[in-house]
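Okay, structure first, notes after.
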Amino acid sequence: MATLWVGSRKGLFRFDDHGQGWQSAGPPAFLAGPVTAVLDDPRDGGLYVSLHHGHFGCKLHRSDDRGKSWVELAPPAYPKSDDPDAPALEFIWCFAAGGKDEPGVIWAGSLPGGLFKSTDRGQTWVLNEPLWNQPQRTAWFGAGYDHAGIHSICVDPRDPRHIVIAVSIGGVWITRDGGDSWVLGGHGLRNEYMPPDQAQDPNSQDAHLIAACTGDPDRIWCQHHNGIFVSDDGGMQWRESLEVKPSAFGFAVAPHPADRDRAWFAPARKDEYRVPVDARLVVTETRDGGETYASLSRGLPQHDAYDLIYRHALVIDGTGDRLAMGSTTGGLWVSDNQGSDWQLLSAHLPPIAALAFAP
Amino acid sequence: MAVIRFTTHLVQHRPVRAIDAPGATVAEVLAAGLSDDPLLRGYVLDDQGRVRKHVNIYLDGRLIADRLRLTDAVGPASEIYVLQALSGG
């Protein structure tokens, strides 16, 4: 039995494989609700979904019975202020479960740039002030949205006080004391959208997604706006993959959970286009730590394809065998053999923002 | 008592109905009327208590003037309508 949660522009869909192939579980939860983040907590089975309603704002829901029923929770809120321009939650961009020895701890990354922590399974939230009050935060800026946002939270399974986050646009930030203090990592990342003398500035790097190897959490992969980068020290220093075909541009990365040198990406023609190169949808895979990349295309559309894969829409399961990928044009594919062959589950879903395999 | 009425679009999210509530300003009426359902308050107002960008509030047939502090004066027989804007969908 395997389950895949599909967070889409029109609700949360569920696909199951009971051993006889993947099947849709039917109409979505939250029909018409734009899903922005999904967490299936491996510690207790709690299922968290955030929505971004066009009119009514960001909402948060949790299910304790695998999606049969939901309870709405108050979403994180920014501190009260008399400033007419004071920040307010725009939407939650990602969740992360705390450590195995931290039951109930959930992290949430948001726009406009706040990191929130809950210690009670999402009932209440507190803004991480040490990060919010970093002087360099005022130089963060939006990428695709009006404000900067936190889209990546890597909690070290060896020590949950070690957390690495990434901000679009605001670089890679690292804490080793559970969020009491932060240092700016991301050295070696390189951008092409700033004046040339600021290309190496760590605080203006647009990491589209960072994701760590579960079995070796100091190995972190970064699909950056301007390329693919690899870190071997938990996000402080990075080196660039120089030869990536058909493109080093993209949003997503899925690292193998055990093999530190393997990772999958969903390339696109670079940023002024954001469509598959030559209208052929492929996944790229490296098996040697980013030295070389191979294109995987069997089962994926090889002509007239304009699917873009968002940053949370290429995922791998805990075994490292099964991948899933969802697109902005509602295509959903699964591979049961590490990307060698892909099966189309649906070509007609709403735009897909986030996928999550059940642990 | 003023009365607060809600767009039917909210029904799919929260159990809304017309609410009678006291207060001299829109802020006071909403604070009293939404006190039983803090989650519903979050559908109308943002973290800072401002009217959400894509929500409109009408007071006796006119859009309220103060979307930041909701200081528009409310009479004892006033009607407040909470509607979704056509933007933001």
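Chain identifiers are assigned as A, B, and so on, following the order in which chains appear in the structure tokens; residues are numbered from 1 within each chain, and ligands are numbered from 1 in order of appearance.
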Within 8 Å of Ala73 (chain B), counting only C-alpha atoms, which residues qualify if same-chain residues fewer than 5 places away don't, as number ranges by chain? B: 24-26
Put those residues in a file: C-alpha atoms, as an mmCIF file, in the first residue's frame.
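part_23.cif was written with the following content:
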```cif
data_model
loop_
_atom_site.group_PDB
_atom_site.id
_atom_site.type_symbol
_atom_site.label_atom_id
_atom_site.label_comp_id
_atom_site.auth_asym_id
_atom_site.auth_seq_id
_atom_site.Cartn_x
_atom_site.Cartn_y
_atom_site.Cartn_z
ATOM 1 C CA ALA B 24 -19.944 52.110 17.775
ATOM 2 C CA THR B 25 -17.516 51.326 14.953
ATOM 3 C CA VAL B 26 -17.137 48.552 12.397
#
```
Please identify the strand (DSSP E or B) residues within region 148-298 of chain A (assignment by DSSP from backbone atoms) and present them as a PDB file with N, CA and C atoms, in the first residue's frame.
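File states_2.pdb, as written:
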```pdb
ATOM      1  N   GLY A 149      10.098  34.662   0.607  1.00  0.00           N
ATOM      2  CA  GLY A 149       9.447  33.566   1.309  1.00  0.00           C
ATOM      3  C   GLY A 149      10.395  32.418   1.572  1.00  0.00           C
ATOM      4  N   ILE A 150      10.091  31.669   2.643  1.00  0.00           N
ATOM      5  CA  ILE A 150      10.886  30.492   3.018  1.00  0.00           C
ATOM      6  C   ILE A 150      10.190  29.261   2.450  1.00  0.00           C
ATOM      7  N   HIS A 151      10.893  28.562   1.576  1.00  0.00           N
ATOM      8  CA  HIS A 151      10.295  27.399   0.896  1.00  0.00           C
ATOM      9  C   HIS A 151      10.965  26.085   1.246  1.00  0.00           C
ATOM     10  N   SER A 152      12.109  26.148   1.941  1.00  0.00           N
ATOM     11  CA  SER A 152      12.865  24.923   2.241  1.00  0.00           C
ATOM     12  C   SER A 152      13.260  24.924   3.706  1.00  0.00           C
ATOM     13  N   ILE A 153      12.973  23.836   4.397  1.00  0.00           N
ATOM     14  CA  ILE A 153      13.390  23.660   5.797  1.00  0.00           C
ATOM     15  C   ILE A 153      13.944  22.252   5.928  1.00  0.00           C
ATOM     16  N   CYS A 154      15.244  22.130   6.185  1.00  0.00           N
ATOM     17  CA  CYS A 154      15.882  20.827   6.340  1.00  0.00           C
ATOM     18  C   CYS A 154      16.226  20.644   7.815  1.00  0.00           C
ATOM     19  N   VAL A 155      15.514  19.749   8.482  1.00  0.00           N
ATOM     20  CA  VAL A 155      15.788  19.441   9.882  1.00  0.00           C
ATOM     21  C   VAL A 155      16.708  18.224   9.911  1.00  0.00           C
ATOM     22  N   ILE A 163      19.216  23.090  11.717  1.00  0.00           N
ATOM     23  CA  ILE A 163      18.193  23.315  10.693  1.00  0.00           C
ATOM     24  C   ILE A 163      18.782  24.240   9.629  1.00  0.00           C
ATOM     25  N   VAL A 164      18.539  23.881   8.391  1.00  0.00           N
ATOM     26  CA  VAL A 164      18.991  24.704   7.265  1.00  0.00           C
ATOM     27  C   VAL A 164      17.760  25.101   6.472  1.00  0.00           C
ATOM     28  N   ILE A 165      17.622  26.388   6.223  1.00  0.00           N
ATOM     29  CA  ILE A 165      16.471  26.873   5.456  1.00  0.00           C
ATOM     30  C   ILE A 165      16.963  27.620   4.225  1.00  0.00           C
ATOM     31  N   ALA A 166      16.063  27.794   3.263  1.00  0.00           N
ATOM     32  CA  ALA A 166      16.385  28.622   2.104  1.00  0.00           C
ATOM     33  C   ALA A 166      15.234  29.574   1.825  1.00  0.00           C
ATOM     34  N   VAL A 167      15.609  30.754   1.330  1.00  0.00           N
ATOM     35  CA  VAL A 167      14.684  31.862   1.148  1.00  0.00           C
ATOM     36  C   VAL A 167      14.776  32.348  -0.298  1.00  0.00           C
ATOM     37  N   SER A 168      13.632  32.552  -0.921  1.00  0.00           N
ATOM     38  CA  SER A 168      13.598  33.212  -2.233  1.00  0.00           C
ATOM     39  C   SER A 168      13.008  34.599  -2.050  1.00  0.00           C
ATOM     40  N   GLY A 171      18.855  33.780   0.411  1.00  0.00           N
ATOM     41  CA  GLY A 171      19.967  32.898   0.696  1.00  0.00           C
ATOM     42  C   GLY A 171      19.617  31.683   1.537  1.00  0.00           C
ATOM     43  N   VAL A 172      20.659  31.080   2.089  1.00  0.00           N
ATOM     44  CA  VAL A 172      20.578  29.861   2.887  1.00  0.00           C
ATOM     45  C   VAL A 172      21.015  30.216   4.306  1.00  0.00           C
ATOM     46  N   TRP A 173      20.175  29.868   5.282  1.00  0.00           N
ATOM     47  CA  TRP A 173      20.452  30.223   6.668  1.00  0.00           C
ATOM     48  C   TRP A 173      20.507  28.944   7.514  1.00  0.00           C
ATOM     49  N   ILE A 174      21.417  28.965   8.499  1.00  0.00           N
ATOM     50  CA  ILE A 174      21.710  27.761   9.267  1.00  0.00           C
ATOM     51  C   ILE A 174      21.634  28.085  10.759  1.00  0.00           C
ATOM     52  N   THR A 175      20.945  27.211  11.500  1.00  0.00           N
ATOM     53  CA  THR A 175      20.993  27.289  12.960  1.00  0.00           C
ATOM     54  C   THR A 175      21.478  25.956  13.491  1.00  0.00           C
ATOM     55  N   VAL A 183      23.202  31.726  11.172  1.00  0.00           N
ATOM     56  CA  VAL A 183      24.305  32.245  10.364  1.00  0.00           C
ATOM     57  C   VAL A 183      23.914  32.073   8.893  1.00  0.00           C
ATOM     58  N   LEU A 184      24.450  32.985   8.098  1.00  0.00           N
ATOM     59  CA  LEU A 184      24.170  32.964   6.668  1.00  0.00           C
ATOM     60  C   LEU A 184      25.161  32.031   5.985  1.00  0.00           C
ATOM     61  N   HIS A 187      27.689  30.061   0.762  1.00  0.00           N
ATOM     62  CA  HIS A 187      28.900  30.570   0.126  1.00  0.00           C
ATOM     63  C   HIS A 187      29.259  29.679  -1.067  1.00  0.00           C
ATOM     64  N   ALA A 207      17.966  30.353  -4.047  1.00  0.00           N
ATOM     65  CA  ALA A 207      17.852  28.893  -4.056  1.00  0.00           C
ATOM     66  C   ALA A 207      16.383  28.560  -4.270  1.00  0.00           C
ATOM     67  N   HIS A 208      16.055  27.917  -5.364  1.00  0.00           N
ATOM     68  CA  HIS A 208      14.647  27.565  -5.592  1.00  0.00           C
ATOM     69  C   HIS A 208      14.194  26.464  -4.643  1.00  0.00           C
ATOM     70  N   LEU A 209      15.093  25.548  -4.341  1.00  0.00           N
ATOM     71  CA  LEU A 209      14.805  24.518  -3.337  1.00  0.00           C
ATOM     72  C   LEU A 209      16.128  23.956  -2.848  1.00  0.00           C
ATOM     73  N   ILE A 210      16.216  23.686  -1.553  1.00  0.00           N
ATOM     74  CA  ILE A 210      17.314  22.880  -1.043  1.00  0.00           C
ATOM     75  C   ILE A 210      16.712  21.639  -0.387  1.00  0.00           C
ATOM     76  N   ALA A 211      17.431  20.515  -0.497  1.00  0.00           N
ATOM     77  CA  ALA A 211      16.949  19.266   0.092  1.00  0.00           C
ATOM     78  C   ALA A 211      18.158  18.424   0.459  1.00  0.00           C
ATOM     79  N   ALA A 212      18.110  17.832   1.647  1.00  0.00           N
ATOM     80  CA  ALA A 212      19.245  17.075   2.164  1.00  0.00           C
ATOM     81  C   ALA A 212      19.042  15.580   1.955  1.00  0.00           C
ATOM     82  N   CYS A 213      20.151  14.865   1.867  1.00  0.00           N
ATOM     83  CA  CYS A 213      20.130  13.406   1.873  1.00  0.00           C
ATOM     84  C   CYS A 213      19.821  12.946   3.298  1.00  0.00           C
ATOM     85  N   ASP A 216      22.628  11.165   5.042  1.00  0.00           N
ATOM     86  CA  ASP A 216      23.882  11.921   5.174  1.00  0.00           C
ATOM     87  C   ASP A 216      23.525  13.404   5.088  1.00  0.00           C
ATOM     88  N   PRO A 217      22.951  13.942   6.161  1.00  0.00           N
ATOM     89  CA  PRO A 217      22.319  15.275   6.079  1.00  0.00           C
ATOM     90  C   PRO A 217      23.273  16.440   5.818  1.00  0.00           C
ATOM     91  N   ASP A 218      24.584  16.203   5.868  1.00  0.00           N
ATOM     92  CA  ASP A 218      25.487  17.294   5.493  1.00  0.00           C
ATOM     93  C   ASP A 218      25.550  17.467   3.980  1.00  0.00           C
ATOM     94  N   ARG A 219      25.083  16.456   3.244  1.00  0.00           N
ATOM     95  CA  ARG A 219      25.001  16.563   1.786  1.00  0.00           C
ATOM     96  C   ARG A 219      23.640  17.188   1.440  1.00  0.00           C
ATOM     97  N   ILE A 220      23.709  18.415   0.975  1.00  0.00           N
ATOM     98  CA  ILE A 220      22.495  19.139   0.611  1.00  0.00           C
ATOM     99  C   ILE A 220      22.588  19.543  -0.853  1.00  0.00           C
ATOM    100  N   TRP A 221      21.474  19.352  -1.527  1.00  0.00           N
ATOM    101  CA  TRP A 221      21.372  19.728  -2.938  1.00  0.00           C
ATOM    102  C   TRP A 221      20.590  21.024  -3.059  1.00  0.00           C
ATOM    103  N   CYS A 222      20.973  21.826  -4.055  1.00  0.00           N
ATOM    104  CA  CYS A 222      20.280  23.090  -4.290  1.00  0.00           C
ATOM    105  C   CYS A 222      19.964  23.234  -5.773  1.00  0.00           C
ATOM    106  N   GLN A 223      18.675  23.312  -6.078  1.00  0.00           N
ATOM    107  CA  GLN A 223      18.283  23.776  -7.411  1.00  0.00           C
ATOM    108  C   GLN A 223      18.109  25.278  -7.292  1.00  0.00           C
ATOM    109  N   HIS A 224      19.066  26.000  -7.826  1.00  0.00           N
ATOM    110  CA  HIS A 224      19.144  27.463  -7.712  1.00  0.00           C
ATOM    111  C   HIS A 224      18.604  28.073  -8.997  1.00  0.00           C
ATOM    112  N   GLY A 227      21.440  27.587 -11.474  1.00  0.00           N
ATOM    113  CA  GLY A 227      22.164  26.340 -11.639  1.00  0.00           C
ATOM    114  C   GLY A 227      21.903  25.359 -10.524  1.00  0.00           C
ATOM    115  N   ILE A 228      22.671  24.268 -10.559  1.00  0.00           N
ATOM    116  CA  ILE A 228      22.574  23.221  -9.543  1.00  0.00           C
ATOM    117  C   ILE A 228      23.852  23.260  -8.711  1.00  0.00           C
ATOM    118  N   PHE A 229      23.694  23.234  -7.392  1.00  0.00           N
ATOM    119  CA  PHE A 229      24.823  23.339  -6.475  1.00  0.00           C
ATOM    120  C   PHE A 229      24.735  22.216  -5.439  1.00  0.00           C
ATOM    121  N   VAL A 230      25.914  21.867  -4.883  1.00  0.00           N
ATOM    122  CA  VAL A 230      26.004  20.780  -3.915  1.00  0.00           C
ATOM    123  C   VAL A 230      26.799  21.273  -2.708  1.00  0.00           C
ATOM    124  N   SER A 231      26.326  20.921  -1.512  1.00  0.00           N
ATOM    125  CA  SER A 231      27.064  21.233  -0.294  1.00  0.00           C
ATOM    126  C   SER A 231      27.402  19.943   0.439  1.00  0.00           C
ATOM    127  N   GLN A 237      29.150  25.874   2.547  1.00  0.00           N
ATOM    128  CA  GLN A 237      29.895  26.021   1.297  1.00  0.00           C
ATOM    129  C   GLN A 237      29.224  25.194   0.202  1.00  0.00           C
ATOM    130  N   ARG A 239      29.379  24.010  -4.168  1.00  0.00           N
ATOM    131  CA  ARG A 239      30.071  23.981  -5.455  1.00  0.00           C
ATOM    132  C   ARG A 239      29.025  23.760  -6.556  1.00  0.00           C
ATOM    133  N   GLU A 240      29.330  24.291  -7.718  1.00  0.00           N
ATOM    134  CA  GLU A 240      28.349  24.285  -8.812  1.00  0.00           C
ATOM    135  C   GLU A 240      28.576  23.104  -9.741  1.00  0.00           C
ATOM    136  N   SER A 241      27.490  22.494 -10.184  1.00  0.00           N
ATOM    137  CA  SER A 241      27.564  21.517 -11.267  1.00  0.00           C
ATOM    138  C   SER A 241      27.635  22.290 -12.579  1.00  0.00           C
ATOM    139  N   GLY A 250      15.696  25.147 -13.150  1.00  0.00           N
ATOM    140  CA  GLY A 250      14.545  24.374 -12.700  1.00  0.00           C
ATOM    141  C   GLY A 250      14.178  24.823 -11.305  1.00  0.00           C
ATOM    142  N   PHE A 251      13.232  24.141 -10.732  1.00  0.00           N
ATOM    143  CA  PHE A 251      12.786  24.497  -9.385  1.00  0.00           C
ATOM    144  C   PHE A 251      12.990  23.369  -8.371  1.00  0.00           C
ATOM    145  N   ALA A 252      12.898  22.132  -8.826  1.00  0.00           N
ATOM    146  CA  ALA A 252      12.791  21.013  -7.887  1.00  0.00           C
ATOM    147  C   ALA A 252      14.074  20.201  -7.816  1.00  0.00           C
ATOM    148  N   VAL A 253      14.263  19.529  -6.698  1.00  0.00           N
ATOM    149  CA  VAL A 253      15.303  18.513  -6.554  1.00  0.00           C
ATOM    150  C   VAL A 253      14.802  17.463  -5.569  1.00  0.00           C
ATOM    151  N   ALA A 254      15.064  16.203  -5.889  1.00  0.00           N
ATOM    152  CA  ALA A 254      14.701  15.091  -5.002  1.00  0.00           C
ATOM    153  C   ALA A 254      15.944  14.258  -4.755  1.00  0.00           C
ATOM    154  N   PRO A 255      16.557  14.366  -3.577  1.00  0.00           N
ATOM    155  CA  PRO A 255      17.750  13.566  -3.281  1.00  0.00           C
ATOM    156  C   PRO A 255      17.367  12.140  -2.892  1.00  0.00           C
ATOM    157  N   ALA A 263      20.643  12.219  -7.073  1.00  0.00           N
ATOM    158  CA  ALA A 263      19.544  13.177  -6.952  1.00  0.00           C
ATOM    159  C   ALA A 263      18.898  13.356  -8.320  1.00  0.00           C
ATOM    160  N   TRP A 264      17.638  13.760  -8.289  1.00  0.00           N
ATOM    161  CA  TRP A 264      16.851  13.948  -9.510  1.00  0.00           C
ATOM    162  C   TRP A 264      16.377  15.403  -9.585  1.00  0.00           C
ATOM    163  N   PHE A 265      16.277  15.896 -10.814  1.00  0.00           N
ATOM    164  CA  PHE A 265      15.891  17.280 -11.066  1.00  0.00           C
ATOM    165  C   PHE A 265      14.882  17.319 -12.215  1.00  0.00           C
ATOM    166  N   ALA A 266      14.188  18.443 -12.331  1.00  0.00           N
ATOM    167  CA  ALA A 266      13.196  18.616 -13.406  1.00  0.00           C
ATOM    168  C   ALA A 266      13.559  19.881 -14.188  1.00  0.00           C
ATOM    169  N   PRO A 267      14.375  19.744 -15.216  1.00  0.00           N
ATOM    170  CA  PRO A 267      14.914  20.930 -15.892  1.00  0.00           C
ATOM    171  C   PRO A 267      13.878  21.645 -16.751  1.00  0.00           C
ATOM    172  N   VAL A 283      13.426  14.245 -16.878  1.00  0.00           N
ATOM    173  CA  VAL A 283      13.991  14.363 -15.536  1.00  0.00           C
ATOM    174  C   VAL A 283      15.485  14.099 -15.679  1.00  0.00           C
ATOM    175  N   THR A 284      16.310  14.871 -14.965  1.00  0.00           N
ATOM    176  CA  THR A 284      17.744  14.591 -14.997  1.00  0.00           C
ATOM    177  C   THR A 284      18.149  13.955 -13.680  1.00  0.00           C
ATOM    178  N   GLU A 285      19.125  13.056 -13.781  1.00  0.00           N
ATOM    179  CA  GLU A 285      19.605  12.338 -12.602  1.00  0.00           C
ATOM    180  C   GLU A 285      21.124  12.382 -12.564  1.00  0.00           C
ATOM    181  N   THR A 286      21.668  12.639 -11.389  1.00  0.00           N
ATOM    182  CA  THR A 286      23.101  12.459 -11.186  1.00  0.00           C
ATOM    183  C   THR A 286      23.315  11.294 -10.226  1.00  0.00           C
ATOM    184  N   ALA A 294      22.290  12.502 -16.369  1.00  0.00           N
ATOM    185  CA  ALA A 294      21.643  11.764 -17.457  1.00  0.00           C
ATOM    186  C   ALA A 294      20.189  12.210 -17.550  1.00  0.00           C
ATOM    187  N   SER A 295      19.656  12.239 -18.771  1.00  0.00           N
ATOM    188  CA  SER A 295      18.251  12.580 -18.977  1.00  0.00           C
ATOM    189  C   SER A 295      17.404  11.322 -18.982  1.00  0.00           C
ATOM    190  N   LEU A 296      16.321  11.345 -18.256  1.00  0.00           N
ATOM    191  CA  LEU A 296      15.374  10.230 -18.192  1.00  0.00           C
ATOM    192  C   LEU A 296      14.073  10.689 -18.818  1.00  0.00           C
TER     193      LEU A 296
END
```
List every residue of chain B that has an atom at most 10 Å from any atom of chain A, and for each one report the closest atom pair and its distance in Å to one decimal, counting only C-alpha atoms, with rows sorted by chain and then by increasing residue number, as a tab-separated table.
```
residue	atom	partner	partner_atom	distance
B:His9	CA	A:His55	CA	9.8
B:Leu10	CA	A:Phe56	CA	8.6
B:Gln12	CA	A:Phe30	CA	9.3
B:His13	CA	A:Phe30	CA	9.2
B:Arg14	CA	A:Glu72	CA	9.7
B:Pro38	CA	A:Ala74	CA	8.1
B:Leu39	CA	A:Ala74	CA	6.2
B:Leu40	CA	A:Phe56	CA	9.5
B:Arg41	CA	A:Phe56	CA	9.9
B:Gly42	CA	A:Phe56	CA	7.6
B:Tyr43	CA	A:Phe56	CA	4.5
B:Val44	CA	A:Phe56	CA	6.4
B:Leu45	CA	A:Phe56	CA	8.3
B:Asp46	CA	A:Ala88	CA	6.3
B:Asp47	CA	A:Ala88	CA	5.1
B:Gln48	CA	A:Lys80	CA	5.6
B:Gly49	CA	A:Lys80	CA	8.6
B:Arg50	CA	A:Pro84	CA	8.8
B:Val51	CA	A:Phe56	CA	10.0
B:Arg52	CA	A:Phe56	CA	7.0
B:Lys53	CA	A:His55	CA	7.5
B:His54	CA	A:His55	CA	4.8
B:Val55	CA	A:His55	CA	6.0
B:Asn56	CA	A:His55	CA	9.6
B:Leu68	CA	A:Pro84	CA	7.0
B:Arg69	CA	A:Pro84	CA	9.1
B:Leu83	CA	A:His55	CA	9.3
B:Gln84	CA	A:His55	CA	6.0
B:Ala85	CA	A:His55	CA	7.1
B:Leu86	CA	A:His55	CA	8.7
B:Ser87	CA	A:His55	CA	7.9
B:Gly88	CA	A:Gly54	CA	4.7
B:Gly89	CA	A:Gly54	CA	4.7
```
Export of prior selection with C-alpha atoms as a PDB file, in the first residue's frame:
```pdb
ATOM      1  CA  HIS B   9     -19.080  31.989  -0.321  1.00  0.00           C
ATOM      2  CA  LEU B  10     -18.027  31.764   3.299  1.00  0.00           C
ATOM      3  CA  GLN B  12     -18.233  26.341   2.574  1.00  0.00           C
ATOM      4  CA  HIS B  13     -15.544  27.358   5.069  1.00  0.00           C
ATOM      5  CA  ARG B  14     -17.252  28.412   8.281  1.00  0.00           C
ATOM      6  CA  PRO B  38     -11.808  33.384  15.881  1.00  0.00           C
ATOM      7  CA  LEU B  39     -11.220  31.372  12.730  1.00  0.00           C
ATOM      8  CA  LEU B  40     -14.044  33.227  10.954  1.00  0.00           C
ATOM      9  CA  ARG B  41     -12.407  36.487  11.971  1.00  0.00           C
ATOM     10  CA  GLY B  42      -9.315  35.341  10.071  1.00  0.00           C
ATOM     11  CA  TYR B  43     -11.340  35.015   6.876  1.00  0.00           C
ATOM     12  CA  VAL B  44     -12.353  38.685   7.073  1.00  0.00           C
ATOM     13  CA  LEU B  45      -9.362  40.391   8.705  1.00  0.00           C
ATOM     14  CA  ASP B  46      -5.617  39.796   8.439  1.00  0.00           C
ATOM     15  CA  ASP B  47      -3.045  39.304  11.209  1.00  0.00           C
ATOM     16  CA  GLN B  48      -3.069  43.029  11.970  1.00  0.00           C
ATOM     17  CA  GLY B  49      -6.858  43.385  12.054  1.00  0.00           C
ATOM     18  CA  ARG B  50      -7.015  45.061   8.644  1.00  0.00           C
ATOM     19  CA  VAL B  51      -9.671  44.138   6.114  1.00  0.00           C
ATOM     20  CA  ARG B  52      -8.243  41.472   3.831  1.00  0.00           C
ATOM     21  CA  LYS B  53      -7.108  42.817   0.505  1.00  0.00           C
ATOM     22  CA  HIS B  54      -9.750  40.931  -1.467  1.00  0.00           C
ATOM     23  CA  VAL B  55     -12.616  41.304   0.983  1.00  0.00           C
ATOM     24  CA  ASN B  56     -15.020  44.238   0.888  1.00  0.00           C
ATOM     25  CA  LEU B  68      -6.944  49.653   8.268  1.00  0.00           C
ATOM     26  CA  ARG B  69      -8.600  50.417  11.607  1.00  0.00           C
ATOM     27  CA  LEU B  83     -18.373  40.280   0.747  1.00  0.00           C
ATOM     28  CA  GLN B  84     -15.565  38.858  -1.326  1.00  0.00           C
ATOM     29  CA  ALA B  85     -14.158  41.233  -3.919  1.00  0.00           C
ATOM     30  CA  LEU B  86     -14.229  40.129  -7.534  1.00  0.00           C
ATOM     31  CA  SER B  87     -10.460  40.540  -7.523  1.00  0.00           C
ATOM     32  CA  GLY B  88      -8.371  37.929  -5.831  1.00  0.00           C
ATOM     33  CA  GLY B  89     -10.191  34.853  -6.998  1.00  0.00           C
TER      34      GLY B  89
END
```
Can you pull out the residues contacting Asp336 (chain A)? Cut-off 9 Å, using only C-alpha atoms, and skip same-chain residues under 3 positions away; I want them as an MDAnalysis selection string. chainID A and resid 321:324 339:343
Create the file for the chosen residues now, containing C-alpha atoms and written as a tab-separated table (two decimals), in the first residue's frame.
```
chain	number	residue	atom	x	y	z
A	321	ASP	CA	12.86	3.67	-5.51
A	322	ARG	CA	9.69	5.58	-6.17
A	323	LEU	CA	9.47	9.11	-7.58
A	324	ALA	CA	6.46	11.28	-8.32
A	339	GLY	CA	13.05	7.43	-12.82
A	340	SER	CA	13.89	4.94	-15.55
A	341	ASP	CA	10.22	4.54	-16.51
A	342	TRP	CA	7.38	6.95	-15.81
A	343	GLN	CA	3.67	6.23	-15.69
```
What does the structure give for the distance between CA of Asp101 (chain A) and CA of Ser69 (chain A), in Å to one decimal? 27.0 Å
List as a ChimeraX atom specification the protein and nucleic acid residues near Gly330 (chain A), meaning an atom at most 9 Å away when only C-alpha atoms are counted, but skip any in the same chain fewer than 3 places from it. /A:8,307,326-327,346-352
What does the distance from CA of Ala37 (chain A) to CA of Cys94 (chain A) come to in Å, to one decimal?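 CA of Ala37 (chain A) sits 5.2 Å away from CA of Cys94 (chain A).
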Residue contacts of Ser63 (chain A) (10 Å, only C-alpha atoms) excluding same-chain residues fewer than 3 positions away, as a ChimeraX atom specification: /A:40,45-49,66-72
Generate the output file for the selected residues, C-alpha atoms, as a short mmCIF file (atom, residue, chain, number, x, y, z; two decimals), in the first residue's frame.
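Full text of result_20.cif as output:
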```cif
data_model
loop_
_atom_site.label_atom_id
_atom_site.label_comp_id
_atom_site.auth_asym_id
_atom_site.auth_seq_id
_atom_site.Cartn_x
_atom_site.Cartn_y
_atom_site.Cartn_z
CA ASP A 40 2.50 13.82 6.18
CA GLY A 45 0.60 10.22 10.96
CA GLY A 46 -0.68 13.76 11.28
CA LEU A 47 -1.52 15.27 7.93
CA TYR A 48 -1.15 19.04 7.50
CA VAL A 49 -2.41 21.11 4.59
CA ARG A 66 -5.47 10.02 7.12
CA GLY A 67 -7.68 12.56 5.41
CA LYS A 68 -11.12 11.23 6.31
CA SER A 69 -11.86 14.29 8.41
CA TRP A 70 -10.14 17.59 9.03
CA VAL A 71 -9.91 20.17 11.77
CA GLU A 72 -9.18 23.77 10.92
#
```
Enumerate the residues of region 39-190 of chain A with a DSSP assignment of helix (DSSP H, G or I), computed from the backbone, and present them as a PyMOL selection string. chain A and resi 129-132+135-139
Straight-line distance linking CA of Pro160 (chain A) with CA of Pro103 (chain A), stated in Å to one decimal: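 Distance reported for this atom pair: 11.5 Å.
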